[in-house]
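Shown below: start.cif, with mmCIF, C-alpha atoms.
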```cif
data_structure
loop_
_atom_site.label_atom_id
_atom_site.label_comp_id
_atom_site.auth_asym_id
_atom_site.auth_seq_id
_atom_site.Cartn_x
_atom_site.Cartn_y
_atom_site.Cartn_z
CA MET P 1 107.40 84.75 112.30
CA TYR P 2 109.70 83.25 109.67
CA VAL P 3 112.22 85.52 107.94
CA VAL P 4 112.68 83.89 104.54
CA ALA P 5 115.46 84.67 102.09
CA THR P 6 114.24 84.52 98.48
CA PRO P 7 116.05 84.44 95.10
CA ILE P 8 117.89 87.52 93.86
CA GLY P 9 117.15 86.56 90.26
CA ASN P 10 116.93 82.90 89.39
CA LEU P 11 113.67 81.53 90.84
CA GLY P 12 115.32 78.14 91.31
CA ASP P 13 117.59 79.57 94.00
CA ILE P 14 115.19 78.94 96.85
CA SER P 15 115.70 76.32 99.51
CA LEU P 16 113.44 73.34 100.12
CA ARG P 17 112.95 74.60 103.67
CA ALA P 18 111.87 78.02 102.40
CA LEU P 19 109.29 76.46 100.07
CA GLU P 20 107.98 74.22 102.85
CA THR P 21 107.70 77.22 105.18
CA LEU P 22 105.93 79.44 102.65
CA ARG P 23 103.42 76.69 101.96
CA GLY P 24 102.72 76.28 105.66
CA VAL P 25 102.14 79.88 106.76
CA ASP P 26 98.87 81.79 106.84
CA LEU P 27 100.29 85.02 105.38
CA VAL P 28 103.36 86.25 103.52
CA ALA P 29 104.44 89.84 104.25
CA CYS P 30 106.37 91.23 101.31
CA GLU P 31 107.75 94.45 99.77
CA ASP P 32 105.69 94.23 96.59
CA THR P 33 102.73 91.85 96.52
CA ARG P 34 102.89 91.54 92.72
CA HIS P 35 106.57 90.59 92.82
CA ALA P 36 106.03 88.08 95.61
CA ARG P 37 103.04 86.64 93.79
CA GLN P 38 105.27 85.74 90.83
CA LEU P 39 107.53 83.70 93.08
CA LEU P 40 104.67 82.07 94.95
CA ASP P 41 102.75 81.23 91.78
CA HIS P 42 105.90 79.83 90.17
CA HIS P 43 106.06 77.28 92.98
CA GLY P 44 102.30 76.74 93.21
CA ILE P 45 101.92 78.40 96.61
CA LYS P 46 98.45 79.86 97.25
CA VAL P 47 98.96 81.98 100.37
CA PRO P 48 97.60 85.53 100.99
CA THR P 49 100.10 88.39 100.90
CA LEU P 50 100.44 91.66 102.80
CA ALA P 51 102.48 94.66 101.61
CA LEU P 52 105.28 95.61 103.99
CA HIS P 53 107.67 98.21 102.59
CA GLN P 54 109.69 101.20 103.76
CA HIS P 55 106.68 103.53 103.72
CA ASN P 56 104.29 101.38 105.78
CA GLU P 57 106.56 99.08 107.77
CA ASN P 58 105.51 100.30 111.21
CA GLN P 59 101.79 99.92 110.49
CA ALA P 60 102.28 96.57 108.75
CA ALA P 61 104.36 95.34 111.68
CA GLU P 62 101.49 96.14 114.06
CA LYS P 63 99.20 94.02 111.92
CA LEU P 64 101.68 91.14 111.96
CA VAL P 65 101.85 91.30 115.75
CA ARG P 66 98.04 91.12 115.94
CA LEU P 67 97.97 88.14 113.59
CA LEU P 68 100.65 86.34 115.57
CA GLY P 69 98.63 87.06 118.72
CA ASP P 70 95.69 85.31 117.07
CA GLY P 71 97.82 82.22 116.52
CA ARG P 72 98.59 82.82 112.84
CA ARG P 73 101.87 81.83 111.23
CA VAL P 74 103.57 84.56 109.20
CA ALA P 75 106.50 84.69 106.76
CA LEU P 76 108.45 87.83 105.92
CA VAL P 77 110.17 88.16 102.53
CA SER P 78 111.70 91.00 100.52
CA ASP P 79 111.69 91.45 96.76
CA ALA P 80 115.05 89.71 96.52
CA GLY P 81 117.55 88.28 98.95
CA THR P 82 117.42 88.49 102.72
CA PRO P 83 114.91 90.78 104.48
CA GLY P 84 116.46 93.52 106.59
CA VAL P 85 119.69 93.62 104.58
CA SER P 86 119.40 96.82 102.51
CA ASP P 87 115.71 95.92 102.35
CA PRO P 88 112.71 96.50 104.63
CA GLY P 89 112.15 94.08 107.49
CA ALA P 90 114.34 95.13 110.41
CA ARG P 91 111.62 97.22 112.09
CA ALA P 92 109.07 94.47 111.65
CA VAL P 93 111.43 91.93 113.18
CA ALA P 94 112.10 94.26 116.12
CA ALA P 95 108.36 94.78 116.70
CA VAL P 96 107.61 91.08 116.60
CA ARG P 97 110.44 90.27 119.00
CA ALA P 98 109.41 93.10 121.33
CA ALA P 99 105.90 91.64 121.42
CA GLY P 100 107.34 88.37 122.69
CA PHE P 101 107.04 86.25 119.56
CA ARG P 102 109.76 84.06 118.16
CA VAL P 103 111.56 85.11 114.96
CA ILE P 104 112.96 82.21 112.94
CA PRO P 105 115.47 83.05 110.16
CA LEU P 106 115.76 80.86 107.06
CA PRO P 107 119.14 81.47 105.37
CA GLY P 108 119.42 81.81 101.65
CA PRO P 109 120.33 84.14 98.77
CA ASN P 110 122.18 87.37 99.46
CA ALA P 111 123.72 89.51 96.72
CA ALA P 112 126.72 90.65 98.78
CA ILE P 113 127.79 87.12 99.74
CA THR P 114 127.11 85.86 96.22
CA ALA P 115 129.42 88.55 94.78
CA LEU P 116 132.13 87.94 97.37
CA SER P 117 132.11 84.20 96.64
CA ALA P 118 133.02 84.89 93.01
CA ALA P 119 135.26 87.93 93.60
CA GLY P 120 138.46 85.98 94.14
CA LEU P 121 139.77 88.43 96.73
CA ALA P 122 142.01 87.08 99.47
CA ASP P 123 141.11 89.72 102.05
CA PRO P 124 140.25 88.00 105.35
CA ARG P 125 137.59 90.60 106.27
CA PHE P 126 134.87 92.52 104.47
CA LEU P 127 132.68 95.44 105.39
CA PHE P 128 129.16 95.48 103.98
CA VAL P 129 128.33 99.12 103.23
CA GLY P 130 125.21 98.67 101.12
CA PHE P 131 124.01 101.74 99.23
CA LEU P 132 126.09 104.90 99.47
CA PRO P 133 124.30 108.27 99.80
CA ALA P 134 122.76 109.53 96.56
CA LYS P 135 123.98 113.12 97.01
CA VAL P 136 127.48 113.71 95.66
CA GLY P 137 128.98 115.43 98.71
CA ALA P 138 127.63 112.90 101.19
CA ARG P 139 128.72 110.00 98.99
CA ARG P 140 132.29 111.29 98.70
CA THR P 141 132.50 111.93 102.41
CA ALA P 142 131.33 108.37 103.10
CA ILE P 143 133.96 106.94 100.74
CA GLN P 144 136.71 109.02 102.33
CA GLU P 145 135.71 107.72 105.76
CA LEU P 146 136.00 104.14 104.44
CA ALA P 147 139.28 104.62 102.58
CA ASP P 148 141.56 103.21 105.26
CA VAL P 149 139.31 100.45 106.60
CA ASP P 150 141.39 97.27 106.59
CA ALA P 151 138.81 95.14 104.79
CA ALA P 152 137.22 94.61 101.40
CA LEU P 153 134.32 97.02 100.90
CA VAL P 154 131.00 95.80 99.52
CA PHE P 155 128.56 98.27 97.98
CA TYR P 156 125.18 97.99 96.31
CA GLU P 157 124.40 100.39 93.48
CA ALA P 158 121.62 101.14 91.01
CA PRO P 159 122.27 101.41 87.26
CA HIS P 160 121.53 105.13 87.03
CA ARG P 161 124.21 105.95 89.64
CA VAL P 162 126.89 103.33 89.01
CA MET P 163 129.05 105.56 86.78
CA GLU P 164 129.08 108.37 89.35
CA THR P 165 129.79 106.05 92.24
CA VAL P 166 132.64 104.27 90.47
CA ALA P 167 134.12 107.63 89.44
CA ASP P 168 134.14 108.68 93.10
CA LEU P 169 135.74 105.40 94.15
CA VAL P 170 138.45 105.92 91.53
CA ALA P 171 139.07 109.49 92.67
CA LEU P 172 139.20 108.79 96.40
CA LEU P 173 140.78 105.34 96.79
CA GLU P 174 144.16 104.00 95.72
CA PRO P 175 144.05 103.20 91.97
CA GLN P 176 145.90 99.91 92.53
CA ARG P 177 143.05 98.43 94.56
CA THR P 178 140.97 95.80 92.80
CA LEU P 179 137.35 96.46 91.91
CA VAL P 180 135.01 93.57 91.21
CA ILE P 181 131.86 94.63 89.37
CA ALA P 182 129.10 92.05 89.70
CA ARG P 183 125.88 92.87 87.86
CA GLU P 184 122.64 90.98 87.35
CA LEU P 185 123.77 88.18 89.64
CA THR P 186 122.00 84.84 88.97
CA LYS P 187 120.05 86.41 86.08
CA LEU P 188 120.28 85.82 82.34
CA PHE P 189 122.87 88.55 81.70
CA GLU P 190 124.99 87.98 84.81
CA GLN P 191 128.47 89.46 84.51
CA ILE P 192 131.37 89.51 86.97
CA ALA P 193 134.46 91.51 86.02
CA SER P 194 137.60 92.20 88.02
CA MET P 195 140.04 95.02 87.30
CA PRO P 196 142.33 97.60 88.90
CA LEU P 197 140.18 100.41 90.23
CA ALA P 198 141.86 102.89 87.87
CA GLN P 199 140.41 101.02 84.85
CA ALA P 200 136.84 100.77 86.11
CA SER P 201 135.34 103.92 84.61
CA ALA P 202 136.68 103.03 81.17
CA TRP P 203 135.28 99.50 81.47
CA LEU P 204 131.82 100.81 82.28
CA ALA P 205 131.92 103.34 79.45
CA ALA P 206 133.14 100.81 76.87
CA ASP P 207 129.74 99.11 76.54
CA ALA P 208 126.29 100.46 77.43
CA ASN P 209 125.36 96.97 78.64
CA HIS P 210 128.02 97.26 81.34
CA GLN P 211 125.86 99.94 82.99
CA ARG P 212 122.64 97.92 83.10
CA GLY P 213 121.17 95.89 85.93
CA GLU P 214 121.59 95.80 89.67
CA PHE P 215 125.18 96.07 90.88
CA VAL P 216 127.37 94.77 93.68
CA LEU P 217 130.73 96.55 93.79
CA VAL P 218 133.53 94.93 95.79
CA VAL P 219 136.73 96.92 96.41
CA SER P 220 139.75 95.09 97.78
CA ALA P 221 141.30 96.18 101.08
CA PRO P 222 143.96 98.93 101.08
CA LEU P 223 147.48 97.94 100.23
CA PRO P 224 149.78 97.56 103.25
CA ARG P 225 150.96 100.98 104.33
CA GLU P 226 154.69 101.43 104.64
CA GLY P 227 156.03 103.34 107.61
CA MET P 228 156.35 107.07 107.05
CA ASP P 229 159.75 108.63 106.90
CA ALA P 230 160.94 110.79 109.77
CA GLU P 231 160.54 114.07 107.88
CA THR P 232 156.89 113.32 106.99
CA GLU P 233 156.20 112.42 110.61
CA ARG P 234 157.82 115.68 111.75
CA VAL P 235 155.78 117.80 109.33
CA LEU P 236 152.55 116.08 110.28
CA ALA P 237 153.22 116.38 114.01
CA ALA P 238 154.02 120.09 113.67
CA LEU P 239 150.81 120.75 111.74
CA LEU P 240 148.76 118.73 114.22
CA ALA P 241 149.95 120.96 117.01
CA GLU P 242 148.20 123.92 115.36
CA LEU P 243 145.42 122.50 113.15
CA PRO P 244 142.52 120.03 113.26
CA VAL P 245 143.28 116.51 112.02
CA LYS P 246 141.66 116.88 108.60
CA GLN P 247 143.37 120.17 107.79
CA ALA P 248 146.72 118.94 109.08
CA ALA P 249 146.55 115.81 106.91
CA LYS P 250 145.56 117.80 103.82
CA LEU P 251 148.35 120.33 104.25
CA ALA P 252 150.91 117.62 105.06
CA ALA P 253 149.94 115.84 101.83
CA GLU P 254 150.53 119.04 99.85
CA ILE P 255 153.91 119.58 101.52
CA THR P 256 155.26 116.02 101.41
CA GLY P 257 153.47 114.50 98.44
CA GLN P 258 152.36 111.55 100.58
CA PRO P 259 148.80 110.10 100.21
CA LYS P 260 146.26 112.18 102.11
CA ASN P 261 144.32 109.14 103.36
CA ALA P 262 147.46 107.59 104.85
CA LEU P 263 148.39 110.89 106.50
CA TYR P 264 144.88 111.28 107.89
CA ALA P 265 145.01 107.79 109.39
CA ARG P 266 148.43 108.50 110.90
CA ALA P 267 147.20 111.84 112.26
CA LEU P 268 144.36 110.04 114.05
CA GLU P 269 146.88 107.63 115.57
CA LEU P 270 149.04 110.50 116.77
CA LYS P 271 146.08 112.36 118.24
CA ALA P 272 144.97 109.25 120.10
CA ARG P 273 148.32 108.86 121.86
CA PRO P 274 148.21 109.74 125.57
CA LEU P 275 149.96 112.98 126.50
#
```

Structure translated into structure tokens:
Amino acid sequence: MYVVATPIGNLGDISLRALETLRGVDLVACEDTRHARQLLDHHGIKVPTLALHQHNENQAAEKLVRLLGDGRRVALVSDAGTPGVSDPGARAVAAVRAAGFRVIPLPGPNAAITALSAAGLADPRFLFVGFLPAKVGARRTAIQELADVDAALVFYEAPHRVMETVADLVALLEPQRTLVIARELTKLFEQIASMPLAQASAWLAADANHQRGEFVLVVSAPLPREGMDAETERVLAALLAELPVKQAAKLAAEITGQPKNALYARALELKARPL
């Protein structure tokens, strides 16, 4: 089975190898057969399609295994980008591999890498997060858990949630961090804007068009943390002796005025020290 990356917008962003492969297979498994048909027809490829999406992936994977057992050649695509990356496909790949068949990946378009290439951030590492939880509490908890990760953070977001998500990023991360907003990548109205995180909500609100399209949000890594002064360390250590890490960090922040995320990270370090 061939795992084929397809364009995230511009239909010309498909490799010669991908086109050759799609022309040579007996079946293309895809998220939406109508969407895939547009791509295939654009390139004159007359190959049958099979729907494989998040609601039927297990059943569709069983069918792919049977077809491969009959000697058929199969390609797997998603609506845009690379299958299995914030898209269906991972379970199908696992089933095919478990059945003993070879899985051959064809590299190509990916929204996260496309955004990073134009972000201009010097961070040596990035963490691909994908979509954050839709529910407010779960989303904020997820962001708090990522706050001190020493890497650029890459998120996907839908237009109807981008304002809420950016507002939570502004509230929970250092305002000096850079946010790169990349929307409609490779499409007609592509836009890539870079700004301090503190300015992001205003930028989105300034123009209704800024809130349209599919988004990749890239947040730069945290600024280097300076060592804590002795008094802050003393307060934090005293609170840790009596309270759980999260409560100790919160109370220490109220007492000392130091950033809660930095105190939480330091509290974890102190807790991890051997007695």

* Enter the distance from CA of Phe155 in chain P to CA of Ala119 in chain P, in Å, rounded to one decimal. =>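 Computing the Euclidean distance for CA of Phe155 in chain P and CA of Ala119 in chain P yields 13.1 Å.
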
* To do: Find the residue from P:Ser194, P:Ile143, P:Leu67, P:Ala51 that sits nearest to Gly120 in chain P; use only C-alpha atoms when measuring.
  =>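 Among the listed residues, P:Ser194 lies closest to Gly120 in chain P.
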
* Tell me which of P:Leu173, P:Met163, P:Leu22, P:Val219 sits closest to Met195 in chain P, counting all atoms listed in the file. =>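 Using all atoms listed in the file, the shortest distance to Met195 in chain P belongs to P:Val219.
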
Could you list, as a short mmCIF file (atom, residue, chain, number, x, y, z; two decimals) with C-alpha atoms, keeping the file's coordinate frame, every residue within 9 Å of Ala29 in chain P, counting all atoms listed in the file and ignoring same-chain residues fewer than 4 positions away?
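Result file is part-v2.cif:
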```
data_model
loop_
_atom_site.label_atom_id
_atom_site.label_comp_id
_atom_site.auth_asym_id
_atom_site.auth_seq_id
_atom_site.Cartn_x
_atom_site.Cartn_y
_atom_site.Cartn_z
CA THR P 33 102.73 91.85 96.52
CA ALA P 36 106.03 88.08 95.61
CA PRO P 48 97.60 85.53 100.99
CA THR P 49 100.10 88.39 100.90
CA LEU P 50 100.44 91.66 102.80
CA ALA P 51 102.48 94.66 101.61
CA LEU P 52 105.28 95.61 103.99
CA ALA P 60 102.28 96.57 108.75
CA LEU P 64 101.68 91.14 111.96
CA VAL P 74 103.57 84.56 109.20
CA ALA P 75 106.50 84.69 106.76
CA LEU P 76 108.45 87.83 105.92
CA VAL P 77 110.17 88.16 102.53
CA SER P 78 111.70 91.00 100.52
#
```

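Taking CA of Val47 in chain P and CA of Ala90 in chain P as endpoints, the distance between them is 22.6 Å.
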
* Asked: Which one is closest to Val235 in chain P: P:Asn58, P:Thr165, P:Ser220, P:Thr256? Count only C-alpha atoms.
  ->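 Counting only C-alpha atoms, the residue closest to Val235 in chain P is P:Thr256.
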
* **Selection dump of the PyMOL selection byres ((chain P and resi 255) around 12), as an NGL selection string** => :P and (231-236 or 239 or 248-254 or 256-260 or 263)

* Excluding same-chain residues fewer than 6 positions from Leu132 in chain P, what lies within 10 Å of it counting only C-alpha atoms, as number ranges by chain? -> P: 138-143, 155-157, 165

* Skip Leu116 in chain P itself and residues of its chain fewer than 2 positions away, then list as a list in words all residues within 9 Å of it, counting only C-alpha atoms. =>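 That gives Ala111, Ala112, Ile113, Thr114, Ala118, Ala119, Gly120, Leu121, Phe126, Val154, Val180 and Val218 of chain P.
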
* Given the file shown, enumerate the residues that the PyMOL selection byres ((chain P and resi 159) around 12) captures and present them as a list in words. =>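 Applied to this file, the PyMOL selection byres ((chain P and resi 159) around 12) selects Tyr156, Glu157, Ala158, His160, Arg161, Val162, Met163, Glu164, Thr165, Val166, Ile181, Ala182, Arg183, Glu184, Leu204, Ala208, Asn209, His210, Gln211, Arg212, Gly213, Glu214, Phe215, Val216 and Leu217 of chain P.
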
* Coordinates-based distance that separates CA of Ala152 in chain P from CA of Pro175 in chain P (Å, one decimal) ->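 It comes out at 14.5 Å.
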
* Asked: Using all atoms listed in the file, which of P:Ile192, P:Ala241, P:Val136, P:Ile45 sits nearest Leu169 in chain P?
  -> P:Val136

* To do: Please provide as a list in words all residues within 8 Å of Ala151 in chain P, with the sequence filter that same-chain residues fewer than 3 positions apart are discarded (counting all atoms listed in the file).
  =>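 Final neighbour list, sorted by chain and number: Asp123, Pro124, Arg125, Phe126, Leu127, Ser220, Ala221 and Pro222 of chain P.
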
* For Val65 in chain P, list every protein, DNA or RNA residue within 8 Å, evaluated using all atoms listed in the file, and leave out those in the same chain fewer than 5 positions away; present the list as an NGL selection string. => :P and (95-96 or 99)

Go ahead and write the selection's residues with C-alpha atoms as a tab-separated table (two decimals), in the coordinates of the input.
```tsv
chain	number	residue	atom	x	y	z
P	95	ALA	CA	108.36	94.78	116.70
P	96	VAL	CA	107.61	91.08	116.60
P	99	ALA	CA	105.90	91.64	121.42
```

* To do: Counting all atoms listed in the file, figure out which residue out of P:Arg266, P:Arg91, P:Arg73, P:Lys46 gets nearest to Ala61 in chain P.
  =>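 Nearest candidate to Ala61 in chain P out of P:Arg266, P:Arg91, P:Arg73, P:Lys46: P:Arg91.
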
* **Minimum-distance residue to Gln199 in chain P, chosen among P:Ala262, P:Thr186, P:Met228, P:Glu174 (using all atoms listed in the file)** =>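 Among P:Ala262, P:Thr186, P:Met228, P:Glu174, it is P:Glu174 that comes nearest to Gln199 in chain P.
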
* Expected selection from the PyMOL selection byres ((chain P and resi 110) around 12), given as a ChimeraX atom specification -> /P:4-9,13-14,78-87,106-109,111-117,128,130,156,185-186,216

Can you save range 83-156 of chain P of the given block to a file, including C-alpha atoms and formatted as a CSV table (one decimal), in the first residue's frame?
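And here's result.csv as it stands now:
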```csv
chain,number,residue,atom,x,y,z
P,83,PRO,CA,-2.3,10.8,5.7
P,84,GLY,CA,-2.1,9.9,9.4
P,85,VAL,CA,-1.0,13.4,10.4
P,86,SER,CA,-4.1,15.0,12.0
P,87,ASP,CA,-6.0,13.0,9.3
P,88,PRO,CA,-7.3,9.5,9.1
P,89,GLY,CA,-4.9,6.8,8.0
P,90,ALA,CA,-2.9,5.6,10.9
P,91,ARG,CA,-5.2,2.7,11.8
P,92,ALA,CA,-5.3,1.6,8.2
P,93,VAL,CA,-1.5,1.6,8.0
P,94,ALA,CA,-1.3,-0.4,11.2
P,95,ALA,CA,-3.8,-3.0,9.9
P,96,VAL,CA,-2.0,-3.4,6.6
P,97,ARG,CA,1.4,-3.7,8.3
P,98,ALA,CA,0.0,-6.2,10.8
P,99,ALA,CA,-1.3,-8.3,7.9
P,100,GLY,CA,2.2,-8.5,6.6
P,101,PHE,CA,2.0,-6.2,3.6
P,102,ARG,CA,4.5,-3.5,2.8
P,103,VAL,CA,3.6,0.2,3.4
P,104,ILE,CA,5.5,2.6,1.1
P,105,PRO,CA,5.3,6.3,2.0
P,106,LEU,CA,5.5,9.0,-0.6
P,107,PRO,CA,6.6,12.3,0.9
P,108,GLY,CA,5.0,15.6,0.0
P,109,PRO,CA,2.8,18.5,1.2
P,110,ASN,CA,2.3,19.0,4.9
P,111,ALA,CA,0.7,22.1,6.4
P,112,ALA,CA,2.9,22.2,9.6
P,113,ILE,CA,6.2,21.9,7.7
P,114,THR,CA,5.0,24.4,5.1
P,115,ALA,CA,4.2,27.0,7.9
P,116,LEU,CA,7.4,26.4,9.7
P,117,SER,CA,9.5,26.9,6.5
P,118,ALA,CA,8.0,30.4,6.2
P,119,ALA,CA,7.8,31.2,9.9
P,120,GLY,CA,11.3,32.6,10.3
P,121,LEU,CA,11.8,31.2,13.8
P,122,ALA,CA,15.3,30.2,14.9
P,123,ASP,CA,14.2,27.6,17.4
P,124,PRO,CA,16.1,24.4,16.8
P,125,ARG,CA,13.2,22.2,17.8
P,126,PHE,CA,9.4,22.1,17.3
P,127,LEU,CA,6.6,20.1,18.8
P,128,PHE,CA,3.7,19.3,16.5
P,129,VAL,CA,0.5,19.5,18.6
P,130,GLY,CA,-2.1,19.5,15.9
P,131,PHE,CA,-5.6,20.4,17.0
P,132,LEU,CA,-6.2,21.4,20.6
P,133,PRO,CA,-9.3,20.1,22.4
P,134,ALA,CA,-12.5,21.9,21.4
P,135,LYS,CA,-13.8,22.3,25.0
P,136,VAL,CA,-12.5,25.4,26.8
P,137,GLY,CA,-11.2,23.8,30.0
P,138,ALA,CA,-9.5,20.9,28.2
P,139,ARG,CA,-7.9,23.3,25.7
P,140,ARG,CA,-6.5,25.6,28.5
P,141,THR,CA,-5.2,22.7,30.4
P,142,ALA,CA,-3.4,21.4,27.3
P,143,ILE,CA,-1.8,24.8,26.7
P,144,GLN,CA,-0.7,25.1,30.3
P,145,GLU,CA,1.0,21.7,30.0
P,146,LEU,CA,2.9,22.9,26.9
P,147,ALA,CA,3.9,26.3,28.3
P,148,ASP,CA,7.4,25.4,29.3
P,149,VAL,CA,8.2,23.0,26.5
P,150,ASP,CA,11.6,24.1,25.1
P,151,ALA,CA,10.5,24.1,21.4
P,152,ALA,CA,8.3,26.0,19.0
P,153,LEU,CA,4.7,24.8,19.2
P,154,VAL,CA,2.7,24.0,16.0
P,155,PHE,CA,-1.1,23.9,16.2
P,156,TYR,CA,-3.8,23.4,13.6
```
